[in-house]
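Undergrad: Just so it is clear, I am handing over run-v2.txt, which has compact mmCIF, C-alpha atoms.
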```txt
# COMPACT_ATOMS: atom_id res chain seq x y z
CA MET A 1 153.01 74.20 132.98
CA GLU A 2 149.56 74.59 131.59
CA ASN A 3 148.04 72.00 129.33
CA LYS A 4 145.16 73.10 127.17
CA PRO A 5 143.82 76.61 127.40
CA SER A 6 140.28 75.31 127.82
CA GLN A 7 141.09 73.77 131.22
CA GLN A 8 140.63 75.72 134.41
CA LYS A 9 143.69 77.36 135.80
CA PRO A 10 143.74 76.26 139.45
CA ALA A 11 143.32 72.59 138.53
CA GLU A 12 146.17 72.90 136.07
CA ASN A 13 148.50 74.29 138.67
CA THR A 14 148.04 71.39 141.07
CA GLU A 15 148.58 69.00 138.19
CA VAL A 16 151.78 70.81 137.31
CA ASN A 17 153.27 70.46 140.74
CA GLN A 18 152.31 66.80 140.94
CA ASP A 19 154.07 66.14 137.65
CA GLU A 20 157.17 67.95 138.79
CA LEU A 21 157.17 66.04 142.06
CA ILE A 22 156.78 62.68 140.35
CA LEU A 23 159.60 63.49 137.97
CA GLN A 24 161.83 64.62 140.83
CA GLN A 25 161.09 61.49 142.78
CA GLN A 26 161.82 59.35 139.74
CA ARG A 27 165.24 61.00 139.38
CA ARG A 28 165.92 60.45 143.09
CA ILE A 29 165.10 56.74 142.82
CA GLU A 30 167.29 56.45 139.74
CA LYS A 31 170.13 58.11 141.62
CA GLU A 32 169.75 55.74 144.56
CA ILE A 33 169.80 52.72 142.27
CA SER A 34 172.86 53.95 140.42
CA GLU A 35 174.71 54.54 143.67
CA SER A 36 173.89 51.14 145.16
CA ILE A 37 173.90 48.69 142.20
CA ALA A 38 176.81 48.26 139.77
CA LEU A 39 176.03 48.50 136.03
CA VAL A 40 177.23 44.90 135.83
CA GLY A 41 178.02 43.00 139.02
CA GLU A 42 180.42 40.17 139.90
CA LYS A 43 179.61 36.54 139.18
CA GLU A 44 177.74 35.11 142.20
CA PRO A 45 176.84 31.50 143.01
CA LEU A 46 173.19 30.87 142.20
CA GLN A 47 172.40 30.31 145.88
CA SER A 48 172.47 34.10 146.25
CA LEU A 49 169.19 34.09 144.31
CA GLU A 50 167.61 31.63 146.76
CA ARG A 51 168.62 33.84 149.66
CA GLU A 52 166.52 36.66 148.21
CA TYR A 53 163.37 34.55 148.52
CA LEU A 54 163.59 32.73 151.85
CA GLU A 55 160.13 34.05 152.71
CA ASP A 56 158.55 33.46 149.34
CA GLU A 57 157.58 29.88 148.47
CA VAL A 58 156.81 30.31 144.79
CA TYR A 59 160.02 32.13 143.99
CA LEU A 60 162.10 30.01 146.34
CA SER A 61 161.10 26.74 144.66
CA LYS A 62 161.80 28.24 141.25
CA ALA A 63 165.18 29.53 142.39
CA LYS A 64 166.04 26.06 143.70
CA THR A 65 165.11 24.33 140.43
CA LEU A 66 167.09 26.94 138.56
CA GLY A 67 170.07 25.99 140.73
CA GLN A 68 170.06 22.50 139.20
CA LYS A 69 170.66 23.92 135.73
CA TYR A 70 172.73 27.04 136.37
CA SER A 71 175.77 27.64 138.57
CA TYR A 72 176.14 31.40 138.58
CA ILE A 73 174.23 34.63 138.21
CA ARG A 74 175.59 38.05 137.31
CA ARG A 75 173.31 40.94 138.18
CA THR A 76 172.84 44.11 136.16
CA ARG A 77 171.53 47.51 137.18
CA PRO A 78 167.76 47.82 136.75
CA ASP A 79 167.75 51.02 134.71
CA GLY A 80 165.64 49.95 131.74
CA ASN A 81 168.76 49.11 129.75
CA CYS A 82 169.35 45.79 131.50
CA PHE A 83 168.47 43.51 128.59
CA PHE A 84 170.87 45.20 126.20
CA ARG A 85 173.59 45.49 128.83
CA ALA A 86 173.22 41.91 130.05
CA PHE A 87 173.05 40.52 126.53
CA SER A 88 176.12 42.35 125.24
CA TYR A 89 178.19 41.56 128.33
CA ALA A 90 177.30 37.86 128.24
CA TYR A 91 177.87 37.60 124.50
CA LEU A 92 181.25 39.37 124.52
CA GLU A 93 182.31 37.30 127.50
CA ARG A 94 181.52 34.14 125.57
CA LEU A 95 183.40 35.38 122.50
CA ILE A 96 186.58 35.79 124.53
CA ASP A 97 186.90 32.01 124.39
CA ILE A 98 185.72 31.39 120.82
CA LYS A 99 188.09 33.01 118.37
CA ASP A 100 186.34 32.33 115.06
CA GLU A 101 182.93 33.36 116.36
CA PHE A 102 184.55 36.54 117.67
CA GLU A 103 186.02 37.31 114.23
CA LYS A 104 182.65 36.74 112.60
CA PHE A 105 180.95 39.04 115.08
CA ARG A 106 183.64 41.70 114.66
CA GLU A 107 183.14 41.63 110.89
CA LEU A 108 179.37 42.03 111.35
CA ALA A 109 179.83 44.85 113.85
CA LEU A 110 182.21 46.63 111.48
CA LYS A 111 179.68 46.55 108.65
CA SER A 112 176.72 47.48 110.82
CA LYS A 113 177.40 51.21 110.64
CA ASP A 114 176.99 51.40 106.87
CA ASN A 115 173.83 49.33 107.13
CA LEU A 116 172.36 51.80 109.63
CA VAL A 117 173.35 54.81 107.56
CA SER A 118 171.78 53.25 104.47
CA LEU A 119 168.55 52.84 106.48
CA GLY A 120 168.56 56.59 107.05
CA PHE A 121 170.16 56.89 110.49
CA PRO A 122 172.21 60.10 110.78
CA GLU A 123 175.84 59.26 110.05
CA PHE A 124 177.29 61.91 112.34
CA THR A 125 176.02 60.43 115.59
CA VAL A 126 175.87 56.78 114.49
CA GLU A 127 179.57 56.99 113.68
CA ASP A 128 180.33 58.26 117.15
CA PHE A 129 178.49 55.37 118.85
CA HIS A 130 179.97 52.88 116.38
CA ASP A 131 183.56 54.01 117.06
CA THR A 132 183.11 53.41 120.78
CA PHE A 133 181.38 50.09 120.15
CA MET A 134 184.32 48.88 118.03
CA GLU A 135 186.78 50.20 120.61
CA VAL A 136 185.12 48.03 123.27
CA ILE A 137 185.05 44.97 120.98
CA ASP A 138 188.72 45.36 120.14
CA LYS A 139 189.73 45.90 123.73
CA VAL A 140 188.20 42.61 124.81
CA GLY A 141 189.12 40.81 121.60
CA ALA A 142 192.60 39.68 122.66
CA GLY A 143 191.15 36.46 124.04
CA THR A 144 193.21 36.40 127.23
CA GLU A 145 192.36 36.36 130.91
CA ALA A 146 193.01 40.13 130.90
CA SER A 147 190.14 40.47 128.41
CA ARG A 148 187.68 39.45 131.11
CA LEU A 149 188.91 42.13 133.46
CA GLU A 150 188.85 44.68 130.66
CA LEU A 151 185.28 43.72 129.72
CA HIS A 152 184.14 44.08 133.31
CA LYS A 153 185.91 47.40 133.69
CA LEU A 154 184.52 48.88 130.47
CA PHE A 155 180.97 47.74 131.20
CA ASN A 156 181.13 49.49 134.55
CA GLU A 157 182.33 52.76 133.05
CA GLN A 158 179.18 54.71 132.32
CA GLY A 159 180.53 56.27 129.13
CA TYR A 160 181.53 53.03 127.41
CA SER A 161 178.75 50.94 128.90
CA ASP A 162 175.95 53.30 127.85
CA TYR A 163 177.38 53.82 124.37
CA VAL A 164 177.35 50.05 123.85
CA VAL A 165 173.68 50.05 124.86
CA VAL A 166 172.86 52.98 122.56
CA TYR A 167 174.52 51.24 119.65
CA LEU A 168 172.83 47.88 120.27
CA ARG A 169 169.50 49.68 120.42
CA LEU A 170 170.27 51.12 116.98
CA ILE A 171 171.17 47.68 115.63
CA ALA A 172 167.91 46.26 117.00
CA SER A 173 165.98 49.19 115.52
CA GLY A 174 167.72 48.69 112.17
CA GLN A 175 166.77 45.02 112.18
CA LEU A 176 163.11 45.81 112.90
CA GLN A 177 162.95 48.49 110.22
CA ARG A 178 164.72 46.38 107.61
CA GLU A 179 162.17 43.59 108.10
CA ALA A 180 159.29 45.94 108.88
CA ASP A 181 156.72 43.90 106.93
CA PHE A 182 157.38 40.92 109.16
CA TYR A 183 157.67 42.72 112.51
CA GLN A 184 154.61 44.89 111.93
CA HIS A 185 152.44 41.95 113.04
CA PHE A 186 154.02 41.93 116.50
CA ILE A 187 153.38 45.58 117.23
CA GLU A 188 150.32 46.48 119.20
CA GLY A 189 148.21 49.51 118.47
CA ASP A 190 148.33 51.39 115.22
CA ARG A 191 151.97 52.35 115.38
CA THR A 192 154.28 51.78 112.42
CA VAL A 193 157.51 49.84 112.99
CA THR A 194 159.49 53.06 112.67
CA GLU A 195 157.32 54.83 115.25
CA PHE A 196 157.69 51.85 117.57
CA CYS A 197 161.47 51.97 117.17
CA HIS A 198 161.59 55.70 117.92
CA GLN A 199 159.45 55.27 121.02
CA GLU A 200 160.43 51.90 122.46
CA VAL A 201 163.75 50.73 121.02
CA GLU A 202 166.12 53.64 120.35
CA PRO A 203 165.52 55.76 123.49
CA MET A 204 167.71 54.89 126.47
CA TYR A 205 166.11 53.50 129.65
CA LYS A 206 163.16 51.99 127.73
CA GLU A 207 162.53 48.43 128.89
CA SER A 208 162.82 45.50 126.53
CA ASP A 209 160.14 43.05 125.52
CA HIS A 210 160.13 39.90 123.38
CA ILE A 211 160.36 41.90 120.20
CA HIS A 212 163.61 43.58 121.30
CA ILE A 213 165.14 40.18 122.06
CA ILE A 214 163.95 38.69 118.78
CA ALA A 215 165.40 41.63 116.85
CA MET A 216 168.71 41.53 118.71
CA SER A 217 169.20 37.81 118.29
CA ALA A 218 168.21 37.96 114.61
CA ALA A 219 170.50 40.93 113.89
CA LEU A 220 173.55 39.19 115.38
CA GLY A 221 172.58 35.62 114.52
CA THR A 222 172.85 34.68 118.20
CA GLY A 223 170.64 32.33 120.16
CA VAL A 224 169.33 33.69 123.47
CA GLN A 225 167.62 31.67 126.17
CA VAL A 226 165.55 33.54 128.71
CA ARG A 227 164.32 31.91 131.93
CA TYR A 228 161.11 33.56 133.05
CA MET A 229 160.70 33.65 136.80
CA ASP A 230 157.33 34.95 137.98
CA ARG A 231 154.28 34.04 140.03
CA GLY A 232 153.00 31.64 137.35
CA ALA A 233 152.16 28.02 138.11
CA GLY A 234 154.83 25.35 138.48
CA THR A 235 158.15 25.08 140.28
CA GLU A 236 160.32 25.90 137.29
CA ALA A 237 161.22 29.17 135.63
CA THR A 238 159.99 28.63 132.07
CA ALA A 239 162.64 28.65 129.37
CA HIS A 240 162.12 30.50 126.10
CA ASP A 241 164.59 30.28 123.20
CA PHE A 242 165.07 33.15 120.75
CA PRO A 243 164.87 32.04 118.01
CA GLU A 244 163.34 28.66 118.69
CA GLY A 245 165.53 25.67 117.92
CA VAL A 246 168.83 27.58 117.97
CA PRO A 247 171.26 26.56 120.72
CA PRO A 248 171.62 29.54 123.04
CA ALA A 249 174.89 31.46 123.24
CA VAL A 250 173.54 33.74 125.96
CA HIS A 251 171.45 32.80 129.01
CA LEU A 252 169.38 35.40 130.81
CA LEU A 253 167.11 35.38 133.83
CA TYR A 254 163.97 37.48 133.61
CA ARG A 255 162.08 38.62 136.65
CA PRO A 256 159.23 41.07 136.01
CA GLY A 257 160.83 44.21 134.64
CA HIS A 258 164.43 43.01 134.84
CA TYR A 259 167.12 40.85 133.16
CA ASP A 260 170.26 39.32 134.74
CA ILE A 261 172.89 36.99 133.27
CA LEU A 262 172.88 33.23 133.99
CA TYR A 263 175.77 30.77 133.63
CA PRO A 264 175.07 27.05 133.04
CA MET B 1 188.44 57.64 128.47
CA SER B 2 189.47 60.62 130.54
CA GLU B 3 186.67 62.90 129.37
CA PRO B 4 182.98 62.03 129.36
CA GLN B 5 181.55 60.99 125.99
CA SER B 6 179.32 64.03 126.00
CA THR B 7 182.20 66.53 125.77
CA LEU B 8 183.80 64.66 122.86
CA LEU B 9 180.55 64.51 120.92
CA LEU B 10 179.75 68.19 121.58
CA ARG B 11 183.25 69.28 120.54
CA LYS B 12 182.95 67.28 117.35
CA GLN B 13 179.60 68.91 116.54
CA LEU B 14 180.90 72.39 117.21
CA ALA B 15 183.86 71.84 114.89
CA GLU B 16 181.60 70.40 112.21
CA LEU B 17 179.10 73.29 112.43
CA ASN B 18 181.93 75.81 112.19
CA LYS B 19 183.38 74.06 109.17
CA ASN B 20 180.09 73.38 107.39
CA PRO B 21 177.52 75.89 108.63
CA VAL B 22 173.87 74.94 108.27
CA GLU B 23 171.45 77.40 106.72
CA GLY B 24 169.11 79.11 109.15
CA PHE B 25 171.25 79.34 112.28
CA SER B 26 174.75 79.78 113.65
CA ALA B 27 176.16 78.21 116.80
CA GLY B 28 178.97 78.81 119.30
CA LEU B 29 179.78 78.52 122.98
CA ILE B 30 178.65 81.07 125.57
CA ASP B 31 181.94 80.60 127.39
CA ASP B 32 184.87 78.97 125.58
CA ASN B 33 185.66 76.92 128.67
CA ASP B 34 182.23 75.36 128.98
CA ILE B 35 181.30 72.92 126.21
CA TYR B 36 177.90 72.26 127.82
CA ARG B 37 176.50 75.76 127.23
CA TRP B 38 175.87 76.89 123.67
CA GLU B 39 174.54 80.07 122.15
CA VAL B 40 172.71 79.85 118.85
CA LEU B 41 171.40 82.59 116.61
CA ILE B 42 168.33 81.59 114.65
CA ILE B 43 167.40 83.52 111.55
CA GLY B 44 163.64 83.93 111.32
CA PRO B 45 162.60 81.46 108.61
CA PRO B 46 161.58 83.04 105.26
CA ASP B 47 157.86 83.17 104.45
CA THR B 48 156.89 83.05 108.12
CA LEU B 49 155.88 85.76 110.57
CA TYR B 50 159.37 85.52 112.07
CA GLU B 51 161.16 86.37 108.79
CA GLY B 52 163.84 89.02 109.22
CA GLY B 53 164.25 88.38 112.94
CA PHE B 54 167.47 87.30 114.68
CA PHE B 55 166.67 85.21 117.71
CA LYS B 56 169.31 84.33 120.23
CA ALA B 57 168.85 81.16 122.29
CA HIS B 58 170.88 79.13 124.78
CA LEU B 59 171.27 75.37 124.85
CA GLN B 60 172.18 73.74 128.15
CA PHE B 61 173.41 70.16 127.75
CA PRO B 62 173.33 67.69 130.63
CA LYS B 63 176.40 65.56 131.44
CA GLU B 64 174.35 62.57 130.23
CA TYR B 65 174.04 64.02 126.73
CA PRO B 66 173.33 62.39 124.24
CA LEU B 67 171.41 59.94 126.39
CA ARG B 68 169.31 62.81 127.71
CA PRO B 69 168.29 65.95 125.81
CA PRO B 70 169.53 69.53 126.32
CA ARG B 71 167.25 72.35 127.41
CA MET B 72 166.72 75.30 125.13
CA LYS B 73 165.81 78.85 126.09
CA PHE B 74 165.32 81.90 123.91
CA ILE B 75 167.18 84.96 125.20
CA THR B 76 165.67 87.26 122.63
CA GLU B 77 162.01 88.00 123.37
CA ILE B 78 159.80 85.84 121.18
CA TRP B 79 156.02 85.34 121.00
CA HIS B 80 155.08 81.79 120.02
CA PRO B 81 152.61 79.14 121.30
CA ASN B 82 155.37 76.61 121.99
CA ILE B 83 157.80 78.95 123.71
CA GLU B 84 157.15 79.96 127.29
CA LYS B 85 157.09 83.64 128.14
CA ASN B 86 160.45 83.18 129.89
CA GLY B 87 161.92 81.77 126.66
CA ASP B 88 161.89 78.02 127.47
CA VAL B 89 161.29 75.95 124.34
CA CYS B 90 158.73 73.19 124.68
CA ILE B 91 158.85 70.78 121.79
CA SER B 92 158.49 67.03 121.98
CA ILE B 93 161.94 66.32 120.54
CA LEU B 94 163.49 67.89 123.66
CA HIS B 95 161.59 65.51 125.93
CA GLU B 96 162.33 61.89 126.66
CA PRO B 97 159.69 59.27 126.00
CA GLY B 98 157.77 58.71 129.20
CA ASP B 99 158.10 62.36 130.15
CA ASP B 100 154.46 62.93 129.34
CA LYS B 101 153.51 65.91 131.43
CA TRP B 102 153.21 68.06 128.32
CA GLY B 103 150.41 66.00 126.86
CA TYR B 104 152.16 65.52 123.53
CA GLU B 105 150.58 63.11 121.13
CA LYS B 106 151.92 59.63 121.68
CA ALA B 107 153.32 59.37 118.20
CA SER B 108 155.19 62.68 118.27
CA GLU B 109 158.93 62.52 117.87
CA ARG B 110 160.80 62.37 121.19
CA TRP B 111 164.41 62.73 122.23
CA LEU B 112 166.72 60.07 120.82
CA PRO B 113 170.46 59.72 121.33
CA VAL B 114 171.03 60.12 117.58
CA HIS B 115 169.78 63.72 117.65
CA THR B 116 172.27 66.56 117.25
CA VAL B 117 172.30 70.33 117.62
CA GLU B 118 171.48 70.43 113.93
CA THR B 119 168.43 68.16 114.16
CA ILE B 120 167.18 70.05 117.23
CA LEU B 121 167.44 73.38 115.45
CA ILE B 122 165.80 72.07 112.31
CA SER B 123 162.85 71.04 114.52
CA VAL B 124 162.78 74.41 116.26
CA ILE B 125 162.88 76.29 112.96
CA SER B 126 160.03 74.16 111.65
CA MET B 127 158.13 74.83 114.88
CA LEU B 128 158.50 78.59 114.26
CA ALA B 129 156.93 78.13 110.84
CA ASP B 130 154.25 75.78 112.08
CA PRO B 131 153.18 76.07 115.75
CA ASN B 132 151.63 73.09 117.49
CA ASP B 133 148.64 74.31 119.49
CA GLU B 134 147.93 70.86 120.95
CA SER B 135 150.45 71.40 123.72
CA PRO B 136 151.04 75.13 124.07
CA ALA B 137 153.61 76.47 126.51
CA ASN B 138 152.43 80.03 126.08
CA VAL B 139 148.67 79.69 126.44
CA ASP B 140 147.98 83.34 125.63
CA ALA B 141 149.98 83.16 122.42
CA ALA B 142 148.21 79.94 121.45
CA LYS B 143 144.83 81.51 122.08
CA GLU B 144 145.70 84.56 120.01
CA TRP B 145 147.13 82.41 117.24
CA ARG B 146 143.80 80.62 117.03
CA GLU B 147 141.31 83.33 117.82
CA SER B 148 142.83 86.73 117.11
CA TYR B 149 145.47 86.19 114.51
CA THR B 150 145.91 89.90 113.77
CA GLU B 151 146.92 90.57 117.35
CA PHE B 152 149.23 87.54 117.25
CA LYS B 153 150.90 88.86 114.09
CA ARG B 154 151.31 92.30 115.64
CA LYS B 155 153.09 90.86 118.70
CA VAL B 156 155.37 88.69 116.58
CA ALA B 157 156.22 91.64 114.31
CA ARG B 158 157.17 93.64 117.42
CA CYS B 159 159.51 90.82 118.53
CA VAL B 160 161.08 90.70 115.08
CA ARG B 161 161.71 94.45 115.10
CA LYS B 162 163.11 94.33 118.61
CA SER B 163 165.41 91.43 117.70
CA GLN B 164 166.78 93.46 114.76
CA GLU B 165 167.48 96.44 116.98
CA GLU B 166 169.25 94.26 119.55
CA CYS B 167 171.40 92.77 116.84
CA LEU B 168 172.70 96.11 115.57
```
Do you think you could lay out the structure here as structure tokens?
TA:
Amino acid sequence: MENKPSQQKPAENTEVNQDELILQQQRRIEKEISESIALVGEKEPLQSLEREYLEDEVYLSKAKTLGQKYSYIRRTRPDGNCFFRAFSYAYLERLIDIKDEFEKFRELALKSKDNLVSLGFPEFTVEDFHDTFMEVIDKVGAGTEASRLELHKLFNEQGYSDYVVVYLRLIASGQLQREADFYQHFIEGDRTVTEFCHQEVEPMYKESDHIHIIAMSAALGTGVQVRYMDRGAGTEATAHDFPEGVPPAVHLLYRPGHYDILYP
Amino acid sequence: MSEPQSTLLLRKQLAELNKNPVEGFSAGLIDDNDIYRWEVLIIGPPDTLYEGGFFKAHLQFPKEYPLRPPRMKFITEIWHPNIEKNGDVCISILHEPGDDKWGYEKASERWLPVHTVETILISVISMLADPNDESPANVDAAKEWRESYTEFKRKVARCVRKSQEECL
């Protein structure tokens, strides 16, 4: 398609085809990923992380040190939704064992819809996502061994799994907009908090940054610890607590562009 | 769930729009057995060049709806800077963030899972009243709109008349 009328036609046409090709290739890669990597994988011993980096000294030494603190890793599909998917899976999995924390979370989840509607989110669609979100919570809420299987099954069913992500994105967006005065300082460029939410938080497949994690942990009152594994100096993947000083309920591993779940 | 989320949400919207119609358009299915293909009839918004027209358009929803947006195409002939000559509607709300080939402004509203048929059509109706010539899909219409408005008006008026005849 043409851009601006002032541009020359032939140049536009090549641009057009390039764009189409890039988009097509992107969809192909997405399809390959979705066919080869589960939305949420099985729990694997942490050594499986070391095996990925036999040829890479920096990462290998960090994987080894990580192995002294964590026993298992659970991988998620790298589709841009991995933070929200990993976080919600790990948190719900934890709540299976802690009845009173589960009840508190359920209460908060139940009320969250009205909070979003009062912030101006359209009730019609929010309600739809909320219903599915509550359905998932209640299905894993029994607190039995079967709950674990149910959780794993639901998180690997695209419909349920993605709706949970959509809803968590709305909760995070609601949190940012409710405390807009505070979060405005963390947003780069001249975007308002609401614009940022519409562009970076609410849309599916948009990757998460610190601000998403801060918003999520603040909205649910949950501590999250992220281990950052990259090419930086040292032999340890740096730990970062959200918020600082709160004991983490969820442990995540970050490698550039991607989050997986860790188990101490 | 036996059916994909998208069919449930679309069914719910169809029922709601039938029960509580929204001013400015009506909506239904092209084929009763296919919830993913809708036909809408947009009434040319009052106090615009399109007033008095009845414009038929199709919405094609992907299986991933509402995670991904539907595509919209006018079936009735319509002359507008943001509608391609073949009827395809090009507004930012029908594009995902990151899909930047249209050169929309960064801050313009993109597709979000909370959008509905109603919010899409409200955007389209407001686009009819107020074209965006920053990212025109019909370059000739955009040029006329800017440089020879009389000719632009004449072409739109012809579309309006034609749409009335087709509706009879």
Undergrad: Check the smallest atom-to-atom distance from each of A:Phe124, A:Tyr183, A:Tyr228, A:Phe133 to chain B using all atoms listed in the file, then report the winner.
TA: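 Closest residue, counting all atoms listed in the file: A:Phe124.
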Undergrad: Using all atoms listed in the file, which of A:Ser88, A:Ser217, A:Thr125, A:Thr65 sits nearest chain B?
TA: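 The closest residue to chain B is A:Thr125.
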Undergrad: Specify as a PyMOL selection string all residues of chain A found within 10 Å of chain B, counting all atoms listed in the file.
TA: chain A and resi 1-6+15-16+18-20+23+121-129+132+154+157-160+162-163+166-167+170+190-192+195-196+198-206
Undergrad: Report, in Å to a single decimal, how far apart CA of Lys62 in chain A and CA of Ala218 in chain A are.
TA: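 Interatomic distance, CA of Ala218 in chain A to CA of Lys62 in chain A: 29.1 Å.
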Undergrad: Between A:Ser173, A:Ser161, A:Gln25, A:Gln68, which is the closest to Met216 in chain A once you count all atoms listed in the file?
TA: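 Nearest to Met216 in chain A: A:Ser173.
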Undergrad: Have a look at CA of Gly24 in chain B and CA of Ile125 in chain B and let me know their distance in Å, one decimal.
TA: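 About the pair CA of Gly24 in chain B and CA of Ile125 in chain B: they are 7.8 Å apart.
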Undergrad: I need the residue nearest Thr76 in chain B from this list: B:Cys167, B:Ile30, B:Leu94, B:Val124. Use all atoms listed in the file for the distance.
TA: B:Cys167
Undergrad: So which residues touch Ile78 in chain B within 10 Å, counting only C-alpha atoms, skipping near sequence neighbours fewer than 6 positions away, as a ChimeraX atom specification?
TA: /B:50,53,55-56,84-87,155-160,162-163
Undergrad: Mind giving me the straight-line distance from CA of Gly52 in chain B to CA of Pro131 in chain B in Å, one decimal?
TA: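 Going from CA of Gly52 in chain B over to CA of Pro131 in chain B covers 18.0 Å.
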Undergrad: Step by step: start from the point (157.7, 28.2, 139.0) in the file's coordinates, keep every protein, DNA or RNA residue that has an atom no farther than 12 Å from it, count all atoms listed in the file, and write the set as a list in words.
TA: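 Residues with an atom at most 12 Å from (157.7, 28.2, 139.0): Asp56, Glu57, Val58, Tyr59, Leu60, Ser61, Lys62, Ala63, Lys64, Thr65, Leu66, Arg227, Tyr228, Met229, Asp230, Arg231, Gly232, Ala233, Gly234, Thr235, Glu236, Ala237, Thr238, Ala239 and Arg255 of chain A.
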Undergrad: Would you please work out which residue, of A:Asp260, A:Glu145, A:Glu150, A:Glu135, is nearest to Val164 in chain A when using only C-alpha atoms?
TA: A:Glu135
Undergrad: With only C-alpha atoms as the atoms that count, which of A:Leu92, A:Leu151, A:Ala86, A:Ile73 lies nearest to Glu44 in chain A?
TA: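 Among A:Leu92, A:Leu151, A:Ala86, A:Ile73, it is A:Ile73 that comes nearest to Glu44 in chain A.
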Undergrad: For a quick check of your reading of the model, name the residues lying within 12 Å of the coordinate (182.4, 78.7, 124.8), counting only C-alpha atoms, and write them as an MDAnalysis selection string.
TA: chainID B and resid 10:11 14 27:40 58:60
Undergrad: Missing atoms in range 17-28 of chain A: fill them in up to N, CA, C and O atoms and send the result as a PDB file, in the frame of the given file.
TA:
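So part.pdb came out as:
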```pdb
ATOM      1  N   ASN A  17     152.373  70.759 139.632  1.00  0.00           N
ATOM      2  CA  ASN A  17     153.270  70.460 140.740  1.00  0.00           C
ATOM      3  C   ASN A  17     153.394  68.966 140.961  1.00  0.00           C
ATOM      4  O   ASN A  17     154.475  68.476 141.237  1.00  0.00           O
ATOM      5  N   GLN A  18     152.276  68.255 140.808  1.00  0.00           N
ATOM      6  CA  GLN A  18     152.310  66.800 140.940  1.00  0.00           C
ATOM      7  C   GLN A  18     153.296  66.198 139.951  1.00  0.00           C
ATOM      8  O   GLN A  18     154.131  65.387 140.310  1.00  0.00           O
ATOM      9  N   ASP A  19     153.190  66.656 138.695  1.00  0.00           N
ATOM     10  CA  ASP A  19     154.070  66.140 137.650  1.00  0.00           C
ATOM     11  C   ASP A  19     155.527  66.372 138.014  1.00  0.00           C
ATOM     12  O   ASP A  19     156.360  65.493 137.896  1.00  0.00           O
ATOM     13  N   GLU A  20     155.799  67.604 138.427  1.00  0.00           N
ATOM     14  CA  GLU A  20     157.170  67.950 138.790  1.00  0.00           C
ATOM     15  C   GLU A  20     157.665  67.058 139.914  1.00  0.00           C
ATOM     16  O   GLU A  20     158.784  66.555 139.890  1.00  0.00           O
ATOM     17  N   LEU A  21     156.791  66.852 140.911  1.00  0.00           N
ATOM     18  CA  LEU A  21     157.170  66.040 142.060  1.00  0.00           C
ATOM     19  C   LEU A  21     157.466  64.598 141.655  1.00  0.00           C
ATOM     20  O   LEU A  21     158.455  64.009 142.095  1.00  0.00           O
ATOM     21  N   ILE A  22     156.586  64.067 140.801  1.00  0.00           N
ATOM     22  CA  ILE A  22     156.780  62.680 140.350  1.00  0.00           C
ATOM     23  C   ILE A  22     158.109  62.554 139.612  1.00  0.00           C
ATOM     24  O   ILE A  22     158.889  61.640 139.847  1.00  0.00           O
ATOM     25  N   LEU A  23     158.365  63.518 138.748  1.00  0.00           N
ATOM     26  CA  LEU A  23     159.600  63.490 137.970  1.00  0.00           C
ATOM     27  C   LEU A  23     160.825  63.577 138.888  1.00  0.00           C
ATOM     28  O   LEU A  23     161.804  62.848 138.734  1.00  0.00           O
ATOM     29  N   GLN A  24     160.719  64.473 139.877  1.00  0.00           N
ATOM     30  CA  GLN A  24     161.830  64.620 140.830  1.00  0.00           C
ATOM     31  C   GLN A  24     162.064  63.331 141.596  1.00  0.00           C
ATOM     32  O   GLN A  24     163.198  62.903 141.797  1.00  0.00           O
ATOM     33  N   GLN A  25     160.950  62.714 142.006  1.00  0.00           N
ATOM     34  CA  GLN A  25     161.090  61.490 142.780  1.00  0.00           C
ATOM     35  C   GLN A  25     161.695  60.388 141.923  1.00  0.00           C
ATOM     36  O   GLN A  25     162.546  59.623 142.380  1.00  0.00           O
ATOM     37  N   GLN A  26     161.272  60.344 140.661  1.00  0.00           N
ATOM     38  CA  GLN A  26     161.820  59.350 139.740  1.00  0.00           C
ATOM     39  C   GLN A  26     163.339  59.513 139.636  1.00  0.00           C
ATOM     40  O   GLN A  26     164.076  58.545 139.697  1.00  0.00           O
ATOM     41  N   ARG A  27     163.792  60.740 139.486  1.00  0.00           N
ATOM     42  CA  ARG A  27     165.240  61.000 139.380  1.00  0.00           C
ATOM     43  C   ARG A  27     165.954  60.585 140.658  1.00  0.00           C
ATOM     44  O   ARG A  27     167.067  60.067 140.619  1.00  0.00           O
ATOM     45  N   ARG A  28     165.292  60.818 141.810  1.00  0.00           N
ATOM     46  CA  ARG A  28     165.920  60.450 143.090  1.00  0.00           C
ATOM     47  C   ARG A  28     166.091  58.934 143.174  1.00  0.00           C
ATOM     48  O   ARG A  28     167.138  58.451 143.579  1.00  0.00           O
TER      49      ARG A  28
END
```
